[in-house]
file query_20.tsv (TSV, C-alpha atoms)
chain	number	residue	atom	x	y	z
A	1	MET	CA	10.90	0.92	-10.14
A	2	TYR	CA	10.25	4.46	-8.84
A	3	HIS	CA	6.73	3.45	-7.86
A	4	GLN	CA	8.01	0.52	-5.79
A	5	ILE	CA	10.58	2.68	-4.01
A	6	ALA	CA	7.92	5.23	-3.11
A	7	ALA	CA	5.52	2.47	-2.07
A	8	TYR	CA	8.17	0.89	0.16
A	9	LEU	CA	8.97	4.18	1.90
A	10	LYS	CA	5.26	4.65	2.55
A	11	PHE	CA	5.06	1.10	3.87
A	12	LEU	CA	7.95	1.71	6.28
A	13	TRP	CA	6.28	4.85	7.58
A	14	HIS	CA	3.00	3.11	8.37
A	15	SER	CA	4.16	-0.40	9.30
A	16	LYS	CA	4.38	-1.79	12.83
A	17	ASN	CA	5.79	-4.84	14.60
A	18	GLN	CA	3.94	-7.04	17.09
A	19	HIS	CA	3.74	-4.23	19.65
A	20	GLY	CA	1.29	-2.34	17.48
A	21	VAL	CA	-1.09	-5.30	17.09
A	22	HIS	CA	-4.11	-5.52	19.39
A	23	SER	CA	-5.87	-8.46	17.73
A	24	PRO	CA	-5.08	-11.71	19.64
A	25	PHE	CA	-5.38	-13.70	16.39
A	26	VAL	CA	-2.95	-11.50	14.46
A	27	PHE	CA	-0.61	-11.06	17.47
A	28	SER	CA	-0.26	-14.82	17.78
A	29	LEU	CA	0.39	-15.18	14.05
A	30	VAL	CA	3.04	-12.46	14.07
A	31	THR	CA	4.90	-13.62	17.19
A	32	LYS	CA	4.65	-17.39	16.72
A	33	CYS	CA	4.98	-17.59	12.93
A	34	PHE	CA	6.18	-14.38	11.24
A	35	TYR	CA	8.91	-13.76	13.83
A	36	ASP	CA	9.88	-17.38	14.51
A	37	LYS	CA	13.69	-17.34	14.09
A	38	LYS	CA	14.35	-20.93	15.14
A	39	GLY	CA	16.10	-23.20	12.65
A	40	LYS	CA	14.07	-25.96	10.99
A	41	PRO	CA	15.42	-29.18	9.43
A	42	GLU	CA	13.16	-28.57	6.43
A	43	TYR	CA	15.15	-25.42	5.62
A	44	THR	CA	18.07	-27.63	4.57
A	45	THR	CA	15.96	-29.52	2.03
A	46	LEU	CA	14.50	-26.28	0.72
A	47	GLY	CA	18.03	-24.92	0.35
A	48	ASN	CA	19.12	-28.01	-1.56
A	49	TYR	CA	16.13	-27.66	-3.87
A	50	ARG	CA	17.10	-24.05	-4.56
A	51	ASN	CA	20.76	-24.95	-5.14
A	52	ALA	CA	19.80	-27.64	-7.64
A	53	LEU	CA	17.98	-25.01	-9.69
A	54	LEU	CA	20.79	-22.46	-9.34
A	55	GLN	CA	23.22	-25.03	-10.76
A	56	ASN	CA	20.97	-25.92	-13.69
A	57	ASN	CA	22.18	-23.99	-16.76
A	58	THR	CA	19.67	-25.57	-19.14
A	59	THR	CA	17.98	-22.98	-21.37
A	60	ILE	CA	14.22	-23.22	-21.74
A	61	SER	CA	11.62	-21.22	-23.66
A	62	VAL	CA	9.27	-19.54	-21.20
A	63	THR	CA	5.63	-18.86	-21.99
A	64	ASP	CA	4.50	-15.81	-20.01
A	65	PHE	CA	0.78	-15.02	-19.69
A	66	GLY	CA	1.12	-12.45	-16.90
A	67	ALA	CA	2.54	-8.96	-16.47
A	68	GLY	CA	5.90	-9.97	-17.93
A	69	SER	CA	9.38	-9.70	-16.48
A	70	ARG	CA	11.32	-6.60	-15.44
A	71	VAL	CA	14.55	-8.61	-15.61
A	72	PHE	CA	14.41	-10.79	-18.71
A	73	LYS	CA	14.30	-9.36	-22.24
A	74	SER	CA	13.92	-12.72	-23.97
A	75	ASN	CA	11.69	-15.74	-23.43
A	76	ASN	CA	14.76	-18.00	-23.75
A	77	ARG	CA	16.11	-18.18	-20.20
A	78	SER	CA	18.37	-20.45	-18.21
A	79	VAL	CA	16.81	-22.30	-15.28
A	80	ALA	CA	19.52	-20.89	-13.01
A	81	ARG	CA	18.72	-17.27	-13.93
A	82	ILE	CA	14.98	-17.83	-13.46
A	83	ALA	CA	15.62	-19.29	-10.02
A	84	LYS	CA	17.92	-16.41	-9.09
A	85	ASN	CA	15.84	-13.51	-10.42
A	86	ALA	CA	12.22	-14.65	-10.55
A	87	GLY	CA	11.88	-17.31	-7.85
A	88	ILE	CA	10.68	-16.77	-4.30
A	89	SER	CA	13.48	-15.57	-2.02
A	90	LYS	CA	14.95	-17.83	0.67
A	91	LYS	CA	13.43	-15.65	3.40
A	92	ARG	CA	9.96	-15.76	1.85
A	93	ALA	CA	10.21	-19.50	1.16
A	94	ARG	CA	10.89	-20.10	4.84
A	95	LEU	CA	8.00	-17.86	5.87
A	96	LEU	CA	5.67	-19.74	3.53
A	97	PHE	CA	6.81	-23.01	5.09
A	98	ARG	CA	6.14	-21.62	8.58
A	99	LEU	CA	2.68	-20.40	7.58
A	100	VAL	CA	1.70	-23.87	6.41
A	101	ARG	CA	3.23	-25.43	9.52
A	102	TYR	CA	1.32	-22.92	11.68
A	103	PHE	CA	-2.14	-23.25	10.07
A	104	GLN	CA	-1.86	-26.88	8.83
A	105	PRO	CA	-4.10	-26.40	5.78
A	106	GLU	CA	-5.26	-29.66	4.23
A	107	ASN	CA	-6.23	-28.43	0.77
A	108	ILE	CA	-3.86	-25.93	-0.89
A	109	LEU	CA	-3.93	-24.19	-4.26
A	110	GLU	CA	-0.97	-22.37	-5.80
A	111	ILE	CA	-1.53	-20.14	-8.83
A	112	GLY	CA	1.82	-19.91	-10.57
A	113	THR	CA	4.25	-22.80	-10.02
A	114	SER	CA	7.25	-21.39	-11.89
A	115	LEU	CA	10.16	-23.68	-10.90
A	116	GLY	CA	8.44	-24.92	-7.76
A	117	LEU	CA	10.44	-23.10	-5.07
A	118	ALA	CA	7.28	-21.91	-3.31
A	119	THR	CA	5.56	-25.22	-4.03
A	120	ALA	CA	8.30	-27.05	-2.14
A	121	SER	CA	7.76	-24.75	0.85
A	122	LEU	CA	4.03	-25.48	0.82
A	123	ALA	CA	4.64	-29.21	0.62
A	124	SER	CA	7.26	-29.14	3.39
A	125	GLY	CA	4.93	-27.37	5.80
A	126	ASN	CA	2.37	-30.17	5.76
A	127	SER	CA	3.30	-33.44	4.08
A	128	LYS	CA	-0.31	-34.63	4.43
A	129	ALA	CA	-1.81	-31.65	2.55
A	130	ASN	CA	-3.28	-32.02	-0.91
A	131	ILE	CA	-1.53	-29.39	-3.04
A	132	THR	CA	-2.59	-28.36	-6.52
A	133	THR	CA	-0.23	-26.03	-8.36
A	134	ILE	CA	-1.09	-24.43	-11.70
A	135	GLU	CA	1.44	-23.21	-14.26
A	136	GLY	CA	0.80	-21.80	-17.71
A	137	CYS	CA	4.31	-22.49	-19.05
A	138	PRO	CA	4.90	-26.17	-19.92
A	139	GLU	CA	8.69	-25.87	-19.68
A	140	THR	CA	8.93	-24.36	-16.21
A	141	ALA	CA	6.24	-26.80	-15.02
A	142	ARG	CA	8.33	-29.68	-16.39
A	143	ILE	CA	11.44	-28.54	-14.50
A	144	ALA	CA	9.39	-28.12	-11.34
A	145	ARG	CA	7.89	-31.62	-11.62
A	146	GLU	CA	11.33	-33.17	-12.15
A	147	ASN	CA	12.72	-31.47	-9.05
A	148	MET	CA	9.67	-32.29	-6.92
A	149	THR	CA	10.16	-35.96	-7.77
A	150	THR	CA	13.89	-35.78	-7.05
A	151	PHE	CA	13.33	-34.24	-3.64
A	152	GLY	CA	10.48	-36.54	-2.67
A	153	TYR	CA	7.52	-34.16	-2.68
A	154	HIS	CA	4.69	-36.57	-3.45
A	155	ASN	CA	1.68	-34.58	-2.21
A	156	ILE	CA	1.68	-32.19	-5.19
A	157	HIS	CA	-0.61	-32.30	-8.22
A	158	SER	CA	0.91	-30.24	-11.03
A	159	VAL	CA	-1.42	-28.78	-13.66
A	160	VAL	CA	-0.40	-27.04	-16.90
A	161	SER	CA	-3.21	-24.67	-17.82
A	162	GLU	CA	-4.13	-21.05	-18.26
A	163	PHE	CA	-5.20	-20.01	-14.79
A	164	GLN	CA	-8.72	-18.75	-15.42
A	165	ALA	CA	-9.67	-21.80	-17.48
A	166	TYR	CA	-8.68	-24.08	-14.60
A	167	LEU	CA	-10.30	-21.93	-11.91
A	168	ASP	CA	-13.61	-21.78	-13.77
A	169	ASN	CA	-13.65	-25.57	-13.73
A	170	VAL	CA	-12.69	-25.79	-10.04
A	171	THR	CA	-15.59	-23.65	-8.87
A	172	ASN	CA	-18.01	-25.98	-10.63
A	173	ARG	CA	-16.81	-28.91	-8.47
A	174	ASN	CA	-17.76	-27.55	-5.03
A	175	THR	CA	-14.10	-27.55	-3.99
A	176	THR	CA	-12.87	-25.66	-0.92
A	177	TYR	CA	-9.32	-24.52	-0.16
A	178	ASP	CA	-7.75	-23.82	3.20
A	179	LEU	CA	-4.91	-21.82	1.64
A	180	ILE	CA	-4.41	-20.22	-1.77
A	181	TYR	CA	-1.13	-18.65	-2.85
A	182	PHE	CA	-1.61	-16.18	-5.73
A	183	ASP	CA	1.66	-15.73	-7.63
A	184	GLY	CA	0.87	-16.00	-11.30
A	185	ASN	CA	-0.38	-12.80	-12.86
A	186	HIS	CA	0.50	-9.42	-11.38
A	187	GLN	CA	-2.24	-7.47	-13.12
A	188	LYS	CA	-5.25	-5.81	-11.54
A	189	GLU	CA	-7.97	-7.20	-13.79
A	190	ALA	CA	-6.70	-10.79	-13.60
A	191	THR	CA	-6.13	-10.64	-9.83
A	192	LEU	CA	-9.65	-9.40	-9.15
A	193	ARG	CA	-11.08	-11.98	-11.53
A	194	TYR	CA	-9.29	-14.76	-9.67
A	195	PHE	CA	-10.57	-13.30	-6.39
A	196	ASP	CA	-14.18	-13.31	-7.56
A	197	THR	CA	-13.92	-16.75	-9.16
A	198	LEU	CA	-12.46	-18.39	-6.04
A	199	LEU	CA	-14.72	-16.81	-3.41
A	200	PRO	CA	-17.07	-19.83	-3.49
A	201	THR	CA	-14.12	-22.03	-2.38
A	202	ILE	CA	-13.46	-20.29	0.96
A	203	THR	CA	-14.19	-21.56	4.45
A	204	ASN	CA	-14.19	-19.51	7.63
A	205	ASP	CA	-10.53	-20.41	8.21
A	206	THR	CA	-9.23	-19.94	4.67
A	207	LEU	CA	-6.05	-17.91	4.15
A	208	TRP	CA	-5.24	-16.23	0.82
A	209	ILE	CA	-1.76	-14.87	0.11
A	210	PHE	CA	-1.31	-12.37	-2.73
A	211	ASP	CA	2.20	-11.80	-4.04
A	212	ASP	CA	3.52	-8.40	-5.19
A	213	ILE	CA	0.62	-6.28	-3.97
A	214	HIS	CA	2.75	-3.15	-4.51
A	215	TRP	CA	4.09	-4.25	-7.92
A	216	SER	CA	2.30	-1.37	-9.68
A	217	VAL	CA	-0.39	1.24	-9.18
A	218	ASP	CA	-2.88	-1.21	-10.68
A	219	MET	CA	-1.90	-3.95	-8.23
A	220	GLU	CA	-2.26	-1.54	-5.31
A	221	GLU	CA	-5.74	-0.68	-6.58
A	222	ALA	CA	-6.57	-4.40	-6.74
A	223	TRP	CA	-5.31	-4.84	-3.16
A	224	GLN	CA	-7.49	-1.95	-1.99
A	225	LYS	CA	-10.58	-3.48	-3.60
A	226	ILE	CA	-9.81	-6.82	-1.99
A	227	LYS	CA	-9.53	-5.17	1.44
A	228	GLU	CA	-12.88	-3.47	0.95
A	229	HIS	CA	-14.76	-6.64	-0.01
A	230	PRO	CA	-17.53	-7.39	2.53
A	231	GLN	CA	-16.45	-11.02	3.00
A	232	VAL	CA	-12.89	-10.01	3.90
A	233	THR	CA	-12.45	-9.37	7.62
A	234	VAL	CA	-8.70	-9.21	8.30
A	235	THR	CA	-5.83	-8.26	6.00
A	236	ILE	CA	-2.10	-7.99	6.64
A	237	ASP	CA	0.18	-6.03	4.33
A	238	THR	CA	3.83	-7.13	4.62
A	239	PHE	CA	4.76	-5.13	1.50
A	240	GLN	CA	5.51	-8.01	-0.86
A	241	TRP	CA	2.65	-10.18	0.35
A	242	GLY	CA	-0.92	-9.40	1.24
A	243	PHE	CA	-2.68	-11.81	3.62
A	244	VAL	CA	-6.46	-12.13	3.51
A	245	PHE	CA	-8.69	-13.81	6.09
A	246	PHE	CA	-12.45	-14.42	6.02
A	247	ARG	CA	-13.02	-15.13	9.72
A	248	ARG	CA	-16.61	-14.11	10.41
A	249	GLU	CA	-15.98	-13.78	14.16
A	250	GLN	CA	-13.36	-11.06	13.56
A	251	GLU	CA	-14.00	-7.35	13.29
A	252	LYS	CA	-12.82	-5.87	10.01
A	253	GLU	CA	-9.22	-4.73	10.53
A	254	HIS	CA	-6.24	-4.02	8.30
A	255	PHE	CA	-2.65	-4.35	9.50
A	256	ILE	CA	0.67	-3.24	8.00
A	257	ILE	CA	3.40	-5.42	9.50
A	258	ARG	CA	7.18	-5.47	9.05
A	259	VAL	CA	8.39	-9.03	8.49
call {"tool": "encode", "arguments": {"input": "query_20.tsv", "output": "structure tokens"}}
result
Amino acid sequence: MYHQIAAYLKFLWHSKNQHGVHSPFVFSLVTKCFYDKKGKPEYTTLGNYRNALLQNNTTISVTDFGAGSRVFKSNNRSVARIAKNAGISKKRARLLFRLVRYFQPENILEIGTSLGLATASLASGNSKANITTIEGCPETARIARENMTTFGYHNIHSVVSEFQAYLDNVTNRNTTYDLIYFDGNHQKEATLRYFDTLLPTITNDTLWIFDDIHWSVDMEEAWQKIKEHPQVTVTIDTFQWGFVFFRREQEKEHFIIRV
């Protein structure tokens, strides 16, 4: 907790808004997507999806392969508490929706479904996208699938698997992804392994989003290594999320942006 407070104060000191951005590509992204305050009809559906989970008091047994929880002391958890404490926030869910609406990726991978709050945002942003979401816990994946069906998200392929096992198989199929959302294992070694494994799946326009880049010292070290990678050209640190672009026509630049 102390680390995150210190990291956030450092972020505030160094971060800028759109007026400190001199890259036309990033300036457009920040002004037209990050800072888009207009209401969207899809926000209502996303809110209903969230409310359905918040009203679900069913207790499930959670299998956790990642860094663990700072909130829960037991693996037996109610769906409502998971949605409240471990799910993507409403603000971030809306931003994720806007990002998909802005870039219109056709092939999307999500690492870490949980209850599907972020998955619903991805699906809402482009109903024609092919979305694959991976979850290691069968019970949370089951709840997510049930809710996706209820709310009419039919462009989602849900996979129950340990992440690395699935990713090793993907890279042997010459698959490419336009967007990957990494939200499944907040540990340095695993994050960098996913990064290396999925590099063969990028295109020039691929966007990767890493969750909780300031979760720990180890995750900050992983983020720094990602920024330094020669194939990475542009990164944006918004504190909770780290955005990674591989655009060969861009000069290597790193931005710290308040969202």
call {"tool": "atom_distance", "arguments": {"input": "query_20.tsv", "atom1": "CA of Arg247 (chain A)", "atom2": "CA of Ala93 (chain A)"}}
result
25.1 Å
call {"tool": "closest_residue", "arguments": {"input": "query_20.tsv", "among": "A:Asn169, A:Phe239, A:Thr113, A:Val244", "to": "Asn185 (chain A)", "atoms": "all atoms listed in the file"}}
result
A:Thr113
call {"tool": "residues_around", "arguments": {"input": "query_20.tsv", "residues": "region 210-217 of chain A", "least_positions_apart": "3", "cutoff": "9 Å", "atoms": "all atoms listed in the file", "output": "VMD selection string"}}
result
chain A and resid 1 3 to 4 7 to 8 180 to 184 186 to 188 191 220 to 223 237 239 to 244
call {"tool": "closest_residue", "arguments": {"input": "query_20.tsv", "among": "A:Ile156, A:Asn75, A:Lys91, A:Ala86", "to": "Cys137 (chain A)", "atoms": "only C-alpha atoms"}}
result
A:Asn75
call {"tool": "residues_around", "arguments": {"input": "query_20.tsv", "residues": "region 129-133 of chain A", "least_positions_apart": "4", "cutoff": "7 Å", "atoms": "only C-alpha atoms", "output": "PyMOL selection string"}}
result
chain A and resi 105-113+155-159
call {"tool": "atom_distance", "arguments": {"input": "query_20.tsv", "atom1": "CA of Thr197 (chain A)", "atom2": "CA of His229 (chain A)"}}
result
13.7 Å
call {"tool": "atom_distance", "arguments": {"input": "query_20.tsv", "atom1": "CA of Asn126 (chain A)", "atom2": "CA of Leu207 (chain A)"}}
result
15.0 Å
call {"tool": "closest_residue", "arguments": {"input": "query_20.tsv", "among": "A:His14, A:Arg142, A:Tyr102, A:Val79", "to": "Asp36 (chain A)", "atoms": "all atoms listed in the file"}}
result
A:Tyr102
call {"tool": "closest_residue", "arguments": {"input": "query_20.tsv", "among": "A:Ile209, A:Arg145, A:Asn204, A:His254", "to": "Glu228 (chain A)", "atoms": "only C-alpha atoms"}}
result
A:His254
call {"tool": "residues_around", "arguments": {"input": "query_20.tsv", "residues": "Asn57 (chain A)", "least_positions_apart": "3", "cutoff": "12 Å", "atoms": "all atoms listed in the file", "output": "list in words"}}
result
Asn51, Ala52, Leu53, Leu54, Ile60, Asn76, Arg77, Ser78, Val79, Ala80, Arg81, Ile82, Ala83, Lys84 and Ile143 of chain A
call {"tool": "residues_near_point", "arguments": {"input": "query_20.tsv", "point": "(-8.2, -3.2, 12.3)", "cutoff": "12 Å", "atoms": "only C-alpha atoms", "output": "ChimeraX atom specification"}}
result
/A:20-26,227,232-237,250-256
call {"tool": "residues_near_point", "arguments": {"input": "query_20.tsv", "point": "(9.8, -23.4, -1.6)", "cutoff": "9 Å", "atoms": "all atoms listed in the file", "output": "tab-separated table (two decimals) with C-alpha atoms, in the frame of the given file"}}
result
chain	number	residue	atom	x	y	z
A	46	LEU	CA	14.50	-26.28	0.72
A	47	GLY	CA	18.03	-24.92	0.35
A	49	TYR	CA	16.13	-27.66	-3.87
A	50	ARG	CA	17.10	-24.05	-4.56
A	87	GLY	CA	11.88	-17.31	-7.85
A	88	ILE	CA	10.68	-16.77	-4.30
A	89	SER	CA	13.48	-15.57	-2.02
A	90	LYS	CA	14.95	-17.83	0.67
A	92	ARG	CA	9.96	-15.76	1.85
A	93	ALA	CA	10.21	-19.50	1.16
A	94	ARG	CA	10.89	-20.10	4.84
A	96	LEU	CA	5.67	-19.74	3.53
A	97	PHE	CA	6.81	-23.01	5.09
A	116	GLY	CA	8.44	-24.92	-7.76
A	117	LEU	CA	10.44	-23.10	-5.07
A	118	ALA	CA	7.28	-21.91	-3.31
A	119	THR	CA	5.56	-25.22	-4.03
A	120	ALA	CA	8.30	-27.05	-2.14
A	121	SER	CA	7.76	-24.75	0.85
A	122	LEU	CA	4.03	-25.48	0.82
A	123	ALA	CA	4.64	-29.21	0.62
A	124	SER	CA	7.26	-29.14	3.39
call {"tool": "residues_around", "arguments": {"input": "query_20.tsv", "residues": "Leu198 (chain A)", "least_positions_apart": "2", "cutoff": "9 Å", "atoms": "all atoms listed in the file", "output": "list in words"}}
result
Leu167, Asp168, Val170, Thr171, Thr176, Arg193, Tyr194, Phe195, Asp196, Pro200, Thr201 and Ile202 of chain A
call {"tool": "closest_residue", "arguments": {"input": "query_20.tsv", "among": "A:Glu42, A:Leu179, A:Leu115, A:Gln224", "to": "Ser127 (chain A)", "atoms": "all atoms listed in the file"}}
result
A:Glu42
call {"tool": "closest_residue", "arguments": {"input": "query_20.tsv", "among": "A:Leu29, A:Leu99, A:Leu199, A:Leu12", "to": "Asn174 (chain A)", "atoms": "all atoms listed in the file"}}
result
A:Leu199
call {"tool": "axis_aligned_box", "arguments": {"input": "query_20.tsv", "around": "region 229-245 of chain A", "padding_each_side": "6 Å", "output": "JSON"}}
result
{"center_x": -6.0, "center_y": -9.5, "center_z": 3.7, "size_x": 35.0, "size_y": 20.7, "size_z": 21.2}
